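So this block is work_34.csv, CSV, C-alpha atoms and all ligand atoms:
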```csv
chain,number,residue,atom,x,y,z
A,1,MET,CA,-21.7,-18.6,33.3
A,2,THR,CA,-19.5,-17.1,30.7
A,3,ALA,CA,-15.9,-17.5,29.5
A,4,SER,CA,-15.1,-14.8,32.1
A,5,ASP,CA,-16.1,-17.3,34.9
A,6,TYR,CA,-13.0,-19.4,34.0
A,7,ASP,CA,-9.5,-18.1,34.4
A,8,LEU,CA,-8.9,-19.0,30.8
A,9,GLU,CA,-5.9,-16.7,30.4
A,10,HIS,CA,-4.2,-18.4,33.2
A,11,LEU,CA,-5.2,-21.9,32.0
A,12,ALA,CA,-3.8,-21.1,28.5
A,13,GLN,CA,-0.6,-19.6,30.0
A,14,LYS,CA,-0.1,-22.7,32.1
A,15,THR,CA,-0.7,-25.0,29.1
A,16,VAL,CA,2.1,-23.2,27.2
A,17,ALA,CA,4.4,-23.5,30.2
A,18,ASN,CA,3.6,-27.1,30.9
A,19,HIS,CA,4.5,-28.1,27.3
A,20,LEU,CA,7.3,-25.7,26.5
A,21,GLY,CA,8.8,-24.8,29.8
A,22,MET,CA,11.3,-27.6,30.0
A,23,VAL,CA,11.8,-28.8,26.4
A,24,ARG,CA,11.3,-26.6,23.4
A,25,THR,CA,11.1,-28.6,20.2
A,26,GLU,CA,8.7,-28.9,17.2
A,27,ALA,CA,7.1,-31.8,19.0
A,28,THR,CA,6.4,-29.9,22.2
A,29,LEU,CA,5.1,-27.0,20.1
A,30,ALA,CA,2.6,-29.3,18.5
A,31,GLU,CA,1.6,-30.8,21.8
A,32,ALA,CA,1.0,-27.4,23.3
A,33,ASN,CA,-1.2,-26.4,20.3
A,34,ARG,CA,-3.2,-29.6,20.6
A,35,ALA,CA,-3.7,-29.0,24.3
A,36,LEU,CA,-4.9,-25.5,23.6
A,37,VAL,CA,-7.4,-26.7,21.0
A,38,GLN,CA,-8.7,-29.3,23.6
A,39,LEU,CA,-9.0,-26.6,26.2
A,40,TYR,CA,-11.0,-24.4,23.8
A,41,GLU,CA,-13.3,-27.3,22.7
A,42,GLU,CA,-13.9,-28.5,26.3
A,43,LEU,CA,-14.9,-25.0,27.4
A,44,THR,CA,-17.1,-24.5,24.3
A,45,ALA,CA,-19.1,-27.7,25.2
A,46,ILE,CA,-19.6,-26.2,28.7
A,47,LEU,CA,-20.6,-22.8,27.4
A,48,LEU,CA,-23.1,-24.2,25.0
A,49,ASP,CA,-24.7,-26.2,27.8
A,50,LYS,CA,-24.7,-23.4,30.4
A,51,VAL,CA,-25.3,-20.4,28.0
A,52,PRO,CA,-27.4,-21.8,25.2
A,53,PRO,CA,-27.7,-19.5,22.2
A,54,ASP,CA,-31.1,-17.8,21.6
A,55,ARG,CA,-31.4,-19.5,18.3
A,56,PRO,CA,-29.8,-22.6,16.7
A,57,PHE,CA,-26.6,-21.8,14.8
A,58,ALA,CA,-26.9,-21.5,11.1
A,59,CYS,CA,-23.3,-22.6,10.4
A,60,ARG,CA,-23.2,-25.6,8.0
A,61,ALA,CA,-20.7,-27.2,5.6
A,62,GLY,CA,-20.8,-25.2,2.4
A,63,CYS,CA,-21.6,-21.9,4.1
A,64,SER,CA,-18.4,-20.0,4.1
A,65,TYR,CA,-19.1,-16.3,4.3
A,66,CYS,CA,-17.0,-15.9,7.4
A,67,CYS,CA,-14.0,-17.4,5.6
A,68,SER,CA,-13.6,-14.0,3.9
A,69,ALA,CA,-12.5,-12.4,7.1
A,70,LEU,CA,-8.8,-11.9,8.1
A,71,VAL,CA,-7.8,-14.9,10.2
A,72,ALA,CA,-5.6,-14.2,13.2
A,73,VAL,CA,-3.5,-17.1,14.5
A,74,SER,CA,-0.9,-17.7,17.3
A,75,PRO,CA,2.6,-18.7,16.2
A,76,LEU,CA,1.7,-22.3,17.4
A,77,GLU,CA,-1.3,-22.4,15.1
A,78,ALA,CA,0.7,-21.0,12.2
A,79,ILE,CA,3.4,-23.7,12.6
A,80,ALA,CA,0.8,-26.5,12.9
A,81,LEU,CA,-0.9,-25.4,9.7
A,82,ALA,CA,2.4,-25.1,7.8
A,83,ARG,CA,3.4,-28.6,8.8
A,84,HIS,CA,0.0,-29.9,7.8
A,85,LEU,CA,0.5,-28.4,4.3
A,86,ALA,CA,3.3,-30.9,3.7
A,87,THR,CA,0.4,-33.3,2.8
A,88,ARG,CA,-1.4,-30.6,0.7
A,89,PRO,CA,1.0,-29.0,-1.7
A,90,ASP,CA,-1.9,-27.6,-3.7
A,91,LEU,CA,-3.0,-25.5,-0.7
A,92,ALA,CA,0.6,-24.5,0.1
A,93,GLY,CA,0.9,-23.2,-3.5
A,94,ARG,CA,-2.4,-21.3,-3.2
A,95,LEU,CA,-1.3,-19.7,0.1
A,96,ARG,CA,2.1,-18.8,-1.3
A,97,ALA,CA,0.5,-17.1,-4.3
A,98,LEU,CA,-1.7,-15.0,-2.1
A,99,ALA,CA,1.2,-14.1,0.3
A,100,GLY,CA,3.2,-13.0,-2.7
A,101,GLU,CA,0.5,-10.3,-3.3
A,102,ASN,CA,1.3,-8.9,0.1
A,103,PRO,CA,-2.3,-8.9,1.4
A,104,PRO,CA,-3.4,-6.5,4.2
A,105,ARG,CA,-2.8,-7.6,7.8
A,106,ASP,CA,-5.6,-5.6,9.3
A,107,VAL,CA,-9.2,-6.7,9.4
A,108,ALA,CA,-10.7,-3.7,7.5
A,109,GLY,CA,-8.0,-3.8,4.8
A,110,TRP,CA,-8.5,-7.5,4.2
A,111,TRP,CA,-12.3,-7.0,3.9
A,112,ARG,CA,-11.8,-4.1,1.5
A,113,ALA,CA,-9.5,-6.2,-0.7
A,114,ARG,CA,-12.3,-8.8,-0.9
A,115,LEU,CA,-10.0,-11.7,-0.2
A,116,ALA,CA,-11.0,-15.2,0.9
A,117,CYS,CA,-8.9,-17.7,2.9
A,118,PRO,CA,-6.7,-19.8,0.7
A,119,PHE,CA,-7.8,-22.9,2.5
A,120,LEU,CA,-11.4,-22.4,1.3
A,121,ASP,CA,-12.0,-25.2,-1.2
A,122,LYS,CA,-15.4,-25.4,-3.0
A,123,LYS,CA,-16.9,-23.4,-0.2
A,124,ASN,CA,-15.6,-25.8,2.5
A,125,CYS,CA,-12.6,-25.6,4.8
A,126,ALA,CA,-9.8,-27.9,3.4
A,127,VAL,CA,-8.0,-27.8,6.8
A,128,TYR,CA,-11.1,-28.2,9.0
A,129,ALA,CA,-9.6,-30.5,11.7
A,130,GLN,CA,-6.6,-28.1,11.9
A,131,ARG,CA,-8.5,-24.8,11.7
A,132,PRO,CA,-7.4,-22.1,14.1
A,133,LEU,CA,-9.4,-21.1,17.2
A,134,SER,CA,-10.4,-17.8,15.5
A,135,CYS,CA,-12.4,-19.9,13.0
A,136,ARG,CA,-13.8,-22.3,15.6
A,137,ALA,CA,-15.0,-19.3,17.6
A,138,VAL,CA,-17.3,-17.7,15.0
A,139,LEU,CA,-20.8,-19.2,15.4
A,140,SER,CA,-23.7,-17.4,13.8
A,141,PRO,CA,-27.4,-17.7,14.3
A,142,SER,CA,-28.2,-16.1,10.9
A,143,ARG,CA,-26.9,-17.1,7.5
A,144,THR,CA,-28.9,-14.2,6.0
A,145,ARG,CA,-27.0,-11.8,8.1
A,146,CYS,CA,-23.6,-13.3,7.2
A,147,GLU,CA,-24.5,-13.3,3.5
A,148,SER,CA,-25.6,-9.6,3.8
A,149,LEU,CA,-22.3,-8.6,5.4
A,150,TRP,CA,-20.3,-10.6,2.9
A,151,LYS,CA,-22.0,-8.5,0.2
A,152,HIS,CA,-21.7,-5.2,2.1
A,153,ARG,CA,-18.3,-5.7,3.8
A,154,GLU,CA,-18.1,-2.1,5.0
A,155,ARG,CA,-20.7,-3.2,7.6
A,156,ALA,CA,-18.6,-6.1,8.9
A,157,GLY,CA,-18.8,-4.7,12.5
A,158,GLU,CA,-22.5,-5.6,12.5
A,159,MET,CA,-21.8,-9.3,12.4
A,160,LEU,CA,-24.1,-11.4,14.6
A,161,TYR,CA,-22.3,-14.1,16.5
A,162,TYR,CA,-22.3,-16.1,19.7
A,163,HIS,CA,-20.1,-14.0,22.0
A,164,PRO,CA,-19.0,-16.5,24.6
A,165,THR,CA,-16.8,-18.5,22.2
A,166,VAL,CA,-15.3,-15.3,20.7
A,167,GLU,CA,-14.5,-14.2,24.2
A,168,ALA,CA,-13.0,-17.6,25.0
A,169,ARG,CA,-10.7,-17.4,22.0
A,170,ARG,CA,-9.7,-13.9,22.9
A,171,LYS,CA,-8.7,-14.9,26.4
A,172,ILE,CA,-6.9,-18.1,25.3
A,173,GLY,CA,-5.0,-15.9,22.8
A,174,PHE,CA,-4.0,-13.5,25.5
A,175,GLY,CA,-2.8,-16.4,27.7
A,176,VAL,CA,-0.8,-17.9,24.9
A,177,ARG,CA,0.9,-14.6,24.3
A,178,GLU,CA,1.8,-14.2,27.9
A,179,GLY,CA,2.9,-17.8,28.3
A,180,LEU,CA,5.2,-17.5,25.3
A,181,LYS,CA,6.5,-14.1,26.5
A,182,ALA,CA,7.4,-15.6,29.9
A,183,LEU,CA,9.6,-18.1,28.0
A,184,GLY,CA,11.2,-15.3,26.0
A,185,LEU,CA,9.3,-16.1,22.9
A,186,ASP,CA,7.3,-13.7,20.7
A,187,GLY,CA,3.6,-14.8,20.9
A,188,ALA,CA,1.9,-11.8,19.1
A,189,ASP,CA,-1.1,-12.6,17.0
A,190,LEU,CA,-0.3,-13.1,13.4
A,191,ALA,CA,-2.1,-12.9,10.1
A,192,LEU,CA,-2.5,-16.4,8.9
A,193,VAL,CA,-1.4,-16.0,5.2
A,194,PRO,CA,2.0,-14.3,5.6
A,195,ALA,CA,2.8,-16.2,8.8
A,196,VAL,CA,2.3,-19.7,7.2
A,197,ALA,CA,4.2,-18.5,4.1
A,198,LEU,CA,7.2,-17.4,6.2
A,199,ILE,CA,7.4,-20.9,7.7
A,200,LEU,CA,7.0,-22.6,4.3
A,201,ASP,CA,9.7,-20.5,2.8
A,202,ASP,CA,12.4,-20.8,5.5
A,203,SER,CA,13.2,-24.2,6.8
A,204,GLY,CA,15.2,-22.7,9.8
A,205,LEU,CA,12.5,-20.3,10.9
A,206,VAL,CA,10.8,-22.4,13.6
A,207,ALA,CA,14.2,-23.3,15.2
A,208,ARG,CA,15.0,-19.5,15.3
A,209,PHE,CA,11.5,-18.9,16.8
A,210,LEU,CA,12.3,-21.5,19.5
A,211,ALA,CA,15.6,-19.8,20.2
A,212,GLY,CA,13.8,-16.5,20.9
A,213,GLU,CA,14.2,-14.6,17.7
A,214,ALA,CA,11.3,-12.4,16.6
A,215,VAL,CA,10.9,-14.1,13.3
A,216,PHE,CA,7.3,-13.4,12.8
A,217,THR,CA,7.4,-9.6,12.9
A,218,PRO,CA,6.6,-9.2,9.2
A,219,ALA,CA,3.5,-11.3,9.6
A,220,ARG,CA,2.1,-9.6,12.8
A,221,ALA,CA,-1.7,-8.9,12.6
A,222,VAL,CA,-2.2,-5.1,12.6
A,223,GLU,CA,-4.8,-3.7,15.0
B,1,LIG,S1,-9.0,-21.9,7.9
B,1,LIG,FE1,-10.9,-22.9,7.2
B,1,LIG,S2,-12.5,-22.2,8.5
B,1,LIG,FE2,-10.7,-20.8,8.8
B,1,LIG,S3,-11.1,-19.1,7.3
B,1,LIG,FE3,-9.8,-20.6,6.3
B,1,LIG,S4,-11.3,-22.0,5.2
B,1,LIG,FE4,-12.4,-20.8,6.7
```
Whole structure, structure tokens version:
Amino acid sequence: MTASDYDLEHLAQKTVANHLGMVRTEATLAEANRALVQLYEELTAILLDKVPPDRPFACRAGCSYCCSALVAVSPLEAIALARHLATRPDLAGRLRALAGENPPRDVAGWWRARLACPFLDKKNCAVYAQRPLSCRAVLSPSRTRCESLWKHRERAGEMLYYHPTVEARRKIGFGVREGLKALGLDGADLALVPAVALILDDSGLVARFLAGEAVFTPARAVE
């Protein structure tokens, strides 16, 4: 069994419609995001049981090599993270400073710039409970391999990871995009740093997003 055996795209699309189809508010956006995280977590538990990895995962607190990769988020995740930062002005400041440097929005460019996620705090994720699905999905059997790729980032394509969760995130992301599109909302994948900065710097942006304006275009992740 793999993520392909579930119609994850459809499930994610339905989750978006169930929460945002009738009433579109900040509260229903947050509910939709929580439901999508739950969908991902429940599926991951099934995948790990049915398709156990060849080796135990090496991922541990304090190992943060993968936090130097570009993080793609949905608009729902970006909004949830921005709201969470109301309790962490230190992290908001760090994120704004990085956004001000206009960092690359493509995977290769971000690696080349040798940037780290602004939420990385003493090698740990400072927003762990709110971390996006992209982060949840990367599970590696080899710390040595992650360290080696962190040192030689031009070889990032050689990363060794557990594919079923990455595939699950990809399918849920597609379903979210389609679900938002069906409601007339722009659901394209965004680069975490500029997306969250846009929300922090414009108190009316989320309302305009909910009204169907393409407010996140400047933060779109670049293929
Ligand atoms: S959000 Fe957390 S887990 Fe994801 S890249 Fe940033 S520090 Fe790492």
Mind running chain A against ligand LIG 1 (chain B) at 6 Å and telling me each contacting residue's nearest atom pair with the distance in Å (one decimal), counting only C-alpha atoms and all ligand atoms, chain and number ascending, as a tab-separated table?
```
residue	atom	partner	partner_atom	distance
A:Cys67	CA	B:LIG1	S3	3.8
A:Cys117	CA	B:LIG1	FE3	4.6
A:Phe119	CA	B:LIG1	S4	4.5
A:Leu120	CA	B:LIG1	S4	3.9
A:Cys125	CA	B:LIG1	S4	3.8
A:Val127	CA	B:LIG1	FE1	5.7
A:Tyr128	CA	B:LIG1	FE1	5.6
A:Arg131	CA	B:LIG1	S1	4.8
A:Cys135	CA	B:LIG1	FE2	4.6
```
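Between atom CA of Ala116 of chain A and atom CA of Gly173 of chain A the interatomic distance comes to 22.7 Å.
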Exercise. Using only C-alpha atoms, which residues sit within 7 Å of segment 12-18 of chain A once same-chain residues fewer than 4 positions away are excluded, as JSON, numbers by chain?
Worked result: {"A": [8, 32, 35, 36, 172, 175, 176, 178, 179, 180]}
Which residues of segment 26-78 of chain A sit at most 12 Å from segment 87-109 of chain A, using all atoms listed in the file? Give each one's shortest atom pair and distance in Å (one decimal place), in chain and ascending residue order, as CSV.
```
residue,atom,partner,partner_atom,distance
A:Ser68,CA,A:Val107,CA,10.1
A:Ala69,CA,A:Val107,CA,7.0
A:Leu70,CA,A:Val107,CA,5.4
A:Val71,CA,A:Val107,CA,8.4
A:Ala72,CA,A:Arg105,CA,9.0
A:Val73,CA,A:Arg105,CA,11.6
```
Exercise. Could you name the residues that touch Ala168 of chain A at 12 Å or less, counting all atoms listed in the file, but leaving out those on the same chain fewer than 3 positions away, as number ranges by chain?
Worked result: A: 2-9, 11-12, 36-37, 39-47, 133-134, 136-138, 162-165, 171-175
Problem set entry | Atomic separation - atom CA of Phe216 of chain A relative to atom CA of Asp202 of chain A, Å | 11.6 Å
For this session: Identify which of the residues A:Ala188, A:Leu160, A:Ala221, A:Val206 lies closest to Ala30 of chain A, counting all atoms listed in the file when measuring atom-to-atom distances.
Result: A:Val206
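Neighbouring residues of Ala58 of chain A at 7 Å or closer, counting all atoms listed in the file and skipping chain neighbours under 5 positions away, are Ser140, Pro141, Ser142 and Arg143 of chain A.
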For this session: Compile the contact shell of Val215 of chain A as a PyMOL selection string: residues with an atom at most 12 Å away, counting all atoms listed in the file, same-chain residues fewer than 3 positions apart removed.
Result: chain A and resi 75+185-188+190+194-196+198-199+202+204-212+218-220
For this session: Please indicate the distance in Å from atom CA of Cys59 of chain A to atom CA of Leu139 of chain A, rounded to one decimal place.
Result: 6.5 Å
Compile a residue-level contact table for segment 22-65 of chain A against segment 78-83 of chain A at a cut-off of 10 Å, reporting for every qualifying residue the shortest atom pair and its distance in Å to one decimal, with all atoms listed in the file counted, rows ordered by chain and ascending number, as JSON lines.
```
{"residue": "A:Glu26", "atom": "CA", "partner": "A:Ile79", "partner_atom": "CA", "distance": 8.7}
{"residue": "A:Leu29", "atom": "CA", "partner": "A:Ile79", "partner_atom": "CA", "distance": 8.4}
{"residue": "A:Ala30", "atom": "CA", "partner": "A:Ala80", "partner_atom": "CA", "distance": 6.5}
{"residue": "A:Glu31", "atom": "CA", "partner": "A:Ala80", "partner_atom": "CA", "distance": 9.9}
{"residue": "A:Asn33", "atom": "CA", "partner": "A:Ala80", "partner_atom": "CA", "distance": 7.7}
{"residue": "A:Arg34", "atom": "CA", "partner": "A:Ala80", "partner_atom": "CA", "distance": 9.2}
```
May I have the selected residues written with C-alpha atoms, as a PDB file, in the coordinates of the input?
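Final output, saved to out_31.pdb:
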```
ATOM      1  CA  GLU A  26       8.700 -28.900  17.200  1.00  0.00           C
ATOM      2  CA  LEU A  29       5.100 -27.000  20.100  1.00  0.00           C
ATOM      3  CA  ALA A  30       2.600 -29.300  18.500  1.00  0.00           C
ATOM      4  CA  GLU A  31       1.600 -30.800  21.800  1.00  0.00           C
ATOM      5  CA  ASN A  33      -1.200 -26.400  20.300  1.00  0.00           C
ATOM      6  CA  ARG A  34      -3.200 -29.600  20.600  1.00  0.00           C
TER       7      ARG A  34
END
```
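In terms of minimum interatomic distance to Asp189 of chain A, A:Glu223 ranks closest within A:Asp54, A:Glu154, A:Glu223, A:Glu147, counting only C-alpha atoms.
Using only C-alpha atoms, the smallest distance between any of A:Trp111, A:Glu167, A:Lys122, A:Ser74 and Ala191 of chain A comes from A:Ser74.
Using all atoms listed in the file, the nearest neighbour of Val222 of chain A within the list A:Trp110, A:Lys151, A:Thr25, A:Ser64 is A:Trp110.
Counting all atoms listed in the file, the residue from A:Lys181, A:Arg170, A:His19, A:Lys123 that sits nearest to Ala61 of chain A is A:Lys123.
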Problem set entry | Residue among A:Val166, A:Asp121, A:Gly21, A:Met159 lying closest to Gly62 of chain A, counting only C-alpha atoms | A:Asp121
How would segment 74-104 of chain A look with N, CA and C atoms restored, written as an mmCIF file, in the coordinates of the input?
```cif
data_model
loop_
_atom_site.group_PDB
_atom_site.id
_atom_site.type_symbol
_atom_site.label_atom_id
_atom_site.label_comp_id
_atom_site.auth_asym_id
_atom_site.auth_seq_id
_atom_site.Cartn_x
_atom_site.Cartn_y
_atom_site.Cartn_z
ATOM 1 N N SER A 74 -2.118 -17.765 16.404
ATOM 2 C CA SER A 74 -0.900 -17.700 17.300
ATOM 3 C C SER A 74 0.231 -18.322 16.471
ATOM 4 N N PRO A 75 1.466 -18.087 16.886
ATOM 5 C CA PRO A 75 2.600 -18.700 16.200
ATOM 6 C C PRO A 75 2.450 -20.270 16.245
ATOM 7 N N LEU A 76 1.896 -20.807 17.340
ATOM 8 C CA LEU A 76 1.700 -22.300 17.400
ATOM 9 C C LEU A 76 0.775 -22.769 16.358
ATOM 10 N N GLU A 77 -0.300 -22.020 16.130
ATOM 11 C CA GLU A 77 -1.300 -22.400 15.100
ATOM 12 C C GLU A 77 -0.657 -22.304 13.709
ATOM 13 N N ALA A 78 0.091 -21.241 13.484
ATOM 14 C CA ALA A 78 0.700 -21.000 12.200
ATOM 15 C C ALA A 78 1.668 -22.200 11.857
ATOM 16 N N ILE A 79 2.444 -22.608 12.855
ATOM 17 C CA ILE A 79 3.400 -23.700 12.600
ATOM 18 C C ILE A 79 2.672 -25.013 12.377
ATOM 19 N N ALA A 80 1.608 -25.273 13.145
ATOM 20 C CA ALA A 80 0.800 -26.500 12.900
ATOM 21 C C ALA A 80 0.242 -26.543 11.540
ATOM 22 N N LEU A 81 -0.283 -25.408 11.083
ATOM 23 C CA LEU A 81 -0.900 -25.400 9.700
ATOM 24 C C LEU A 81 0.189 -25.569 8.669
ATOM 25 N N ALA A 82 1.329 -24.914 8.842
ATOM 26 C CA ALA A 82 2.400 -25.100 7.800
ATOM 27 C C ALA A 82 2.860 -26.503 7.748
ATOM 28 N N ARG A 83 2.991 -27.177 8.869
ATOM 29 C CA ARG A 83 3.400 -28.600 8.800
ATOM 30 C C ARG A 83 2.336 -29.444 8.182
ATOM 31 N N HIS A 84 1.082 -29.124 8.441
ATOM 32 C CA HIS A 84 0.000 -29.900 7.800
ATOM 33 C C HIS A 84 0.036 -29.758 6.293
ATOM 34 N N LEU A 85 0.490 -28.631 5.800
ATOM 35 C CA LEU A 85 0.500 -28.400 4.300
ATOM 36 C C LEU A 85 1.488 -29.292 3.606
ATOM 37 N N ALA A 86 2.360 -29.982 4.354
ATOM 38 C CA ALA A 86 3.300 -30.900 3.700
ATOM 39 C C ALA A 86 2.471 -31.999 2.962
ATOM 40 N N THR A 87 1.245 -32.246 3.460
ATOM 41 C CA THR A 87 0.400 -33.300 2.800
ATOM 42 C C THR A 87 -0.519 -32.625 1.759
ATOM 43 N N ARG A 88 -0.508 -31.289 1.649
ATOM 44 C CA ARG A 88 -1.400 -30.600 0.700
ATOM 45 C C ARG A 88 -0.613 -29.524 -0.073
ATOM 46 N N PRO A 89 0.263 -29.962 -0.980
ATOM 47 C CA PRO A 89 1.000 -29.000 -1.700
ATOM 48 C C PRO A 89 0.180 -28.034 -2.559
ATOM 49 N N ASP A 90 -1.015 -28.487 -2.944
ATOM 50 C CA ASP A 90 -1.900 -27.600 -3.700
ATOM 51 C C ASP A 90 -2.311 -26.384 -2.849
ATOM 52 N N LEU A 91 -2.633 -26.654 -1.569
ATOM 53 C CA LEU A 91 -3.000 -25.500 -0.700
ATOM 54 C C LEU A 91 -1.811 -24.649 -0.375
ATOM 55 N N ALA A 92 -0.651 -25.295 -0.220
ATOM 56 C CA ALA A 92 0.600 -24.500 0.100
ATOM 57 C C ALA A 92 0.834 -23.560 -1.108
ATOM 58 N N GLY A 93 0.646 -24.047 -2.317
ATOM 59 C CA GLY A 93 0.900 -23.200 -3.500
ATOM 60 C C GLY A 93 -0.098 -22.029 -3.542
ATOM 61 N N ARG A 94 -1.360 -22.324 -3.208
ATOM 62 C CA ARG A 94 -2.400 -21.300 -3.200
ATOM 63 C C ARG A 94 -2.045 -20.200 -2.155
ATOM 64 N N LEU A 95 -1.632 -20.670 -0.994
ATOM 65 C CA LEU A 95 -1.300 -19.700 0.100
ATOM 66 C C LEU A 95 -0.085 -18.871 -0.287
ATOM 67 N N ARG A 96 0.926 -19.521 -0.864
ATOM 68 C CA ARG A 96 2.100 -18.800 -1.300
ATOM 69 C C ARG A 96 1.782 -17.699 -2.306
ATOM 70 N N ALA A 97 0.909 -18.075 -3.253
ATOM 71 C CA ALA A 97 0.500 -17.100 -4.300
ATOM 72 C C ALA A 97 -0.132 -15.892 -3.690
ATOM 73 N N LEU A 98 -1.025 -16.124 -2.733
ATOM 74 C CA LEU A 98 -1.700 -15.000 -2.100
ATOM 75 C C LEU A 98 -0.713 -14.173 -1.251
ATOM 76 N N ALA A 99 0.175 -14.863 -0.540
ATOM 77 C CA ALA A 99 1.200 -14.100 0.300
ATOM 78 C C ALA A 99 2.054 -13.271 -0.596
ATOM 79 N N GLY A 100 2.320 -13.739 -1.801
ATOM 80 C CA GLY A 100 3.200 -13.000 -2.700
ATOM 81 C C GLY A 100 2.540 -11.661 -3.147
ATOM 82 N N GLU A 101 1.232 -11.558 -2.978
ATOM 83 C CA GLU A 101 0.500 -10.300 -3.300
ATOM 84 C C GLU A 101 0.548 -9.331 -2.140
ATOM 85 N N ASN A 102 1.221 -9.716 -1.063
ATOM 86 C CA ASN A 102 1.300 -8.900 0.100
ATOM 87 C C ASN A 102 -0.023 -8.362 0.614
ATOM 88 N N PRO A 103 -0.914 -9.287 0.992
ATOM 89 C CA PRO A 103 -2.300 -8.900 1.400
ATOM 90 C C PRO A 103 -2.270 -8.091 2.693
ATOM 91 N N PRO A 104 -3.312 -7.288 2.936
ATOM 92 C CA PRO A 104 -3.400 -6.500 4.200
ATOM 93 C C PRO A 104 -3.365 -7.405 5.402
#
```
